[in-house]
Amino acid sequence: MKKVFFTSLFFSFIVMMTSCGGDQEKDNTNLGQEDSIVIERTQEIVEINGVKHFIEKMGTGEPLLVLHGGPGLFHDYLVPGFKSLAKKYQIIFYDQRGCGKTDFPKDTASINIETYVEDLEGIRNHLKIDKLNLIGHSWGTIIALDYAKKYPNNLKRLILVSPAPTNSDFFDQTFSNMQKKRTEADTKELIQTMMSKEFENREEKSFRKAILLGDRVNLVDQSKIEELYQPMIFDKITANKLMIVNSLLEKTFFNFDVTIGLDVVKCQTLIVLGDLDNVPFASTQSLQESIKGSQLMVIKKSSHYPFFETPKEFNHTIKNFLDPDYEE
């Protein structure tokens with residue numbers, strides 16, 4: 001028997017299964033905000049530590065580098081939710097090693113948290129940013145925290161959005177909370193979908209169906225799961241990469257405690273989470289207690305995607321942290 005999971009941290013469906021120089025474009029997507037926002041977006045491919053990484057920049061101003069969730073996901077789902085911030089800041093995304101539009105490495109042994117940290121450092125150097133404003137979402141907070149431990153002097157500010165569970169026990173509790181919210185019908189349909197030939201062949205319709213069924217429990221309003229994943233395209237290549245990367249990084253969550261060693265983190269730190277997140281609140285509390293002087297903000301009526309579920313409250317929280325005197 002094998003425990004299969006995905007996430008952003010967790011579009012994790014826990015299911016027990018048998019072990020059988022860049023382009024430029026103008027983006028005027030309506031984000032559900034009062035007005036549509038026209039923001040310049042640029043893209044580039046840069047080789048970092050032997051792997052060609054896909055980087056996307058949105059807006060202008062002081063840079064904020066954002067780490068996507070996963071493991072194995074890619075950055076596209078974050079773009080709409082961070083577009084408002086791009087009116088004042090330059091938002092920088094990249095697809096992590098082996099994910100999305102970033103190449104899969106020849107050596108699968110390089111798919112590990114240590115290499116992901118070094119990739120982030122390589123991207124910082126490429127972008128010529130002295131001190132990072134670093135934002136991590138879900139699984140991305142694990143990379144951000146390990147980076148902060150190794151390179152504390154390279155950080156200006158650290159923002160942790162919907163942090164992943166901080167240790168193995170909280171990880172198990174998170175999945176338990178998710179399972180309790182998943183209906184029997186969804187569980188049955190999810191298993192049937194993942195056992196199908198179409199899913200095995202990574203057909204887009206079947207793969208997307210499984211993702212949405214698995215992750216909808218991470219939204220307060222589960223009916224909005226289609227909207228959340230609208231920017232994501234799961235072709236056979238990205239879907240297969242997602243599955244492999246997720247499988248290789250699964251061991252990250254065995255016998256771990258990310259709070260160990262966080263006493264070296266001295267930069268301004270903000271932790272943001274929804275009050276209905278499936279990750280236990282005690283997990284996030286332990287994270288706050290481990291980073292001296294860190295702020296913890298809880299956004300009501302939100303779960304694992306506050307930038308999507310409660311965008312006004314989320315943006316207000318981030319802007320106030322970055323610049324308390326900021327005015328719209």
# chains A, B, ... in the order shown; residues from 1 in each chain; ligands from 1
>>> closest_atom_pairs(of="stretch 92-162 of chain A", to="stretch 304-310 of chain A", cutoff="10 Å", atoms="only C-alpha atoms", output="Markdown table")
| residue | atom | partner | partner_atom | distance |
| --- | --- | --- | --- | --- |
| A:His137 | CA | A:Tyr305 | CA | 8.7 |
| A:Ser138 | CA | A:His304 | CA | 7.9 |
| A:Val161 | CA | A:Pro306 | CA | 8.1 |
| A:Ser162 | CA | A:His304 | CA | 5.6 |
>>> select_by_dssp(residues="stretch 118-306 of chain A", states="alpha helix (DSSP H)", output="PyMOL selection string")
chain A and resi 118-127+139-150+168-181+184-194+197-200+204-215+225-228+236-249+281-290+306
>>> residues_around(residues="stretch 61-70 of chain A", least_positions_apart="3", cutoff="6 Å", atoms="only C-alpha atoms", output="ChimeraX atom specification")
/A:7-9,73,75,88-93,133-140
>>> write_last_selection(atoms="N, CA and C atoms", output="PDB file, in the first residue's frame")
ATOM      1  N   THR A   7       0.095  18.424  -3.149  1.00  0.00           N
ATOM      2  CA  THR A   7      -0.254  19.546  -2.377  1.00  0.00           C
ATOM      3  C   THR A   7       0.005  20.839  -3.064  1.00  0.00           C
ATOM      4  N   SER A   8      -0.532  21.778  -2.469  1.00  0.00           N
ATOM      5  CA  SER A   8      -0.064  23.134  -2.609  1.00  0.00           C
ATOM      6  C   SER A   8      -0.159  23.695  -1.193  1.00  0.00           C
ATOM      7  N   LEU A   9       0.454  23.470  -0.048  1.00  0.00           N
ATOM      8  CA  LEU A   9       1.002  22.219   0.352  1.00  0.00           C
ATOM      9  C   LEU A   9       0.068  21.188  -0.137  1.00  0.00           C
ATOM     10  N   LEU A  73       4.014  21.285  -7.913  1.00  0.00           N
ATOM     11  CA  LEU A  73       3.122  22.245  -8.553  1.00  0.00           C
ATOM     12  C   LEU A  73       3.973  23.287  -9.284  1.00  0.00           C
ATOM     13  N   HIS A  75       3.923  27.794 -10.632  1.00  0.00           N
ATOM     14  CA  HIS A  75       3.550  29.091 -10.065  1.00  0.00           C
ATOM     15  C   HIS A  75       2.241  29.692 -10.565  1.00  0.00           C
ATOM     16  N   LYS A  88       2.519  48.076  -7.061  1.00  0.00           N
ATOM     17  CA  LYS A  88       3.567  48.813  -6.353  1.00  0.00           C
ATOM     18  C   LYS A  88       4.897  48.064  -6.334  1.00  0.00           C
ATOM     19  N   TYR A  89       4.834  46.735  -6.372  1.00  0.00           N
ATOM     20  CA  TYR A  89       6.043  45.922  -6.261  1.00  0.00           C
ATOM     21  C   TYR A  89       6.261  45.092  -7.526  1.00  0.00           C
ATOM     22  N   GLN A  90       7.501  44.661  -7.712  1.00  0.00           N
ATOM     23  CA  GLN A  90       7.772  43.685  -8.763  1.00  0.00           C
ATOM     24  C   GLN A  90       7.656  42.296  -8.152  1.00  0.00           C
ATOM     25  N   ILE A  91       6.693  41.530  -8.625  1.00  0.00           N
ATOM     26  CA  ILE A  91       6.473  40.178  -8.122  1.00  0.00           C
ATOM     27  C   ILE A  91       7.249  39.206  -9.016  1.00  0.00           C
ATOM     28  N   ILE A  92       8.071  38.382  -8.410  1.00  0.00           N
ATOM     29  CA  ILE A  92       8.904  37.439  -9.157  1.00  0.00           C
ATOM     30  C   ILE A  92       8.510  36.023  -8.781  1.00  0.00           C
ATOM     31  N   PHE A  93       8.142  35.236  -9.782  1.00  0.00           N
ATOM     32  CA  PHE A  93       7.830  33.818  -9.597  1.00  0.00           C
ATOM     33  C   PHE A  93       8.861  32.993 -10.361  1.00  0.00           C
ATOM     34  N   ASN A 133      13.149  40.034  -0.344  1.00  0.00           N
ATOM     35  CA  ASN A 133      11.828  39.974   0.273  1.00  0.00           C
ATOM     36  C   ASN A 133      11.253  38.645  -0.220  1.00  0.00           C
ATOM     37  N   LEU A 134      11.216  37.659   0.648  1.00  0.00           N
ATOM     38  CA  LEU A 134      10.875  36.297   0.237  1.00  0.00           C
ATOM     39  C   LEU A 134       9.505  35.891   0.766  1.00  0.00           C
ATOM     40  N   ILE A 135       8.654  35.416  -0.147  1.00  0.00           N
ATOM     41  CA  ILE A 135       7.312  34.953   0.208  1.00  0.00           C
ATOM     42  C   ILE A 135       7.195  33.483  -0.169  1.00  0.00           C
ATOM     43  N   GLY A 136       6.760  32.652   0.761  1.00  0.00           N
ATOM     44  CA  GLY A 136       6.524  31.251   0.472  1.00  0.00           C
ATOM     45  C   GLY A 136       5.081  30.896   0.745  1.00  0.00           C
ATOM     46  N   HIS A 137       4.490  30.114  -0.150  1.00  0.00           N
ATOM     47  CA  HIS A 137       3.143  29.606   0.097  1.00  0.00           C
ATOM     48  C   HIS A 137       3.195  28.109   0.303  1.00  0.00           C
ATOM     49  N   SER A 138       2.636  27.627   1.415  1.00  0.00           N
ATOM     50  CA  SER A 138       2.464  26.208   1.678  1.00  0.00           C
ATOM     51  C   SER A 138       3.795  25.477   1.632  1.00  0.00           C
ATOM     52  N   TRP A 139       3.956  24.507   0.719  1.00  0.00           N
ATOM     53  CA  TRP A 139       5.244  23.814   0.575  1.00  0.00           C
ATOM     54  C   TRP A 139       6.386  24.822   0.378  1.00  0.00           C
ATOM     55  N   GLY A 140       6.091  25.938  -0.277  1.00  0.00           N
ATOM     56  CA  GLY A 140       7.108  26.965  -0.491  1.00  0.00           C
ATOM     57  C   GLY A 140       7.666  27.529   0.801  1.00  0.00           C
TER      58      GLY A 140
END
>>> residues_around(residues="A:Met243", least_positions_apart="5", cutoff="9 Å", atoms="only C-alpha atoms", output="list of chain:residue names")
A:Phe6, A:Pro71, A:Gly72, A:Thr238, A:Leu248
>>> closest_residue(among="A:Val264, A:Ala185, A:Val51, A:Leu242", to="A:Asp103", atoms="only C-alpha atoms")
A:Val51
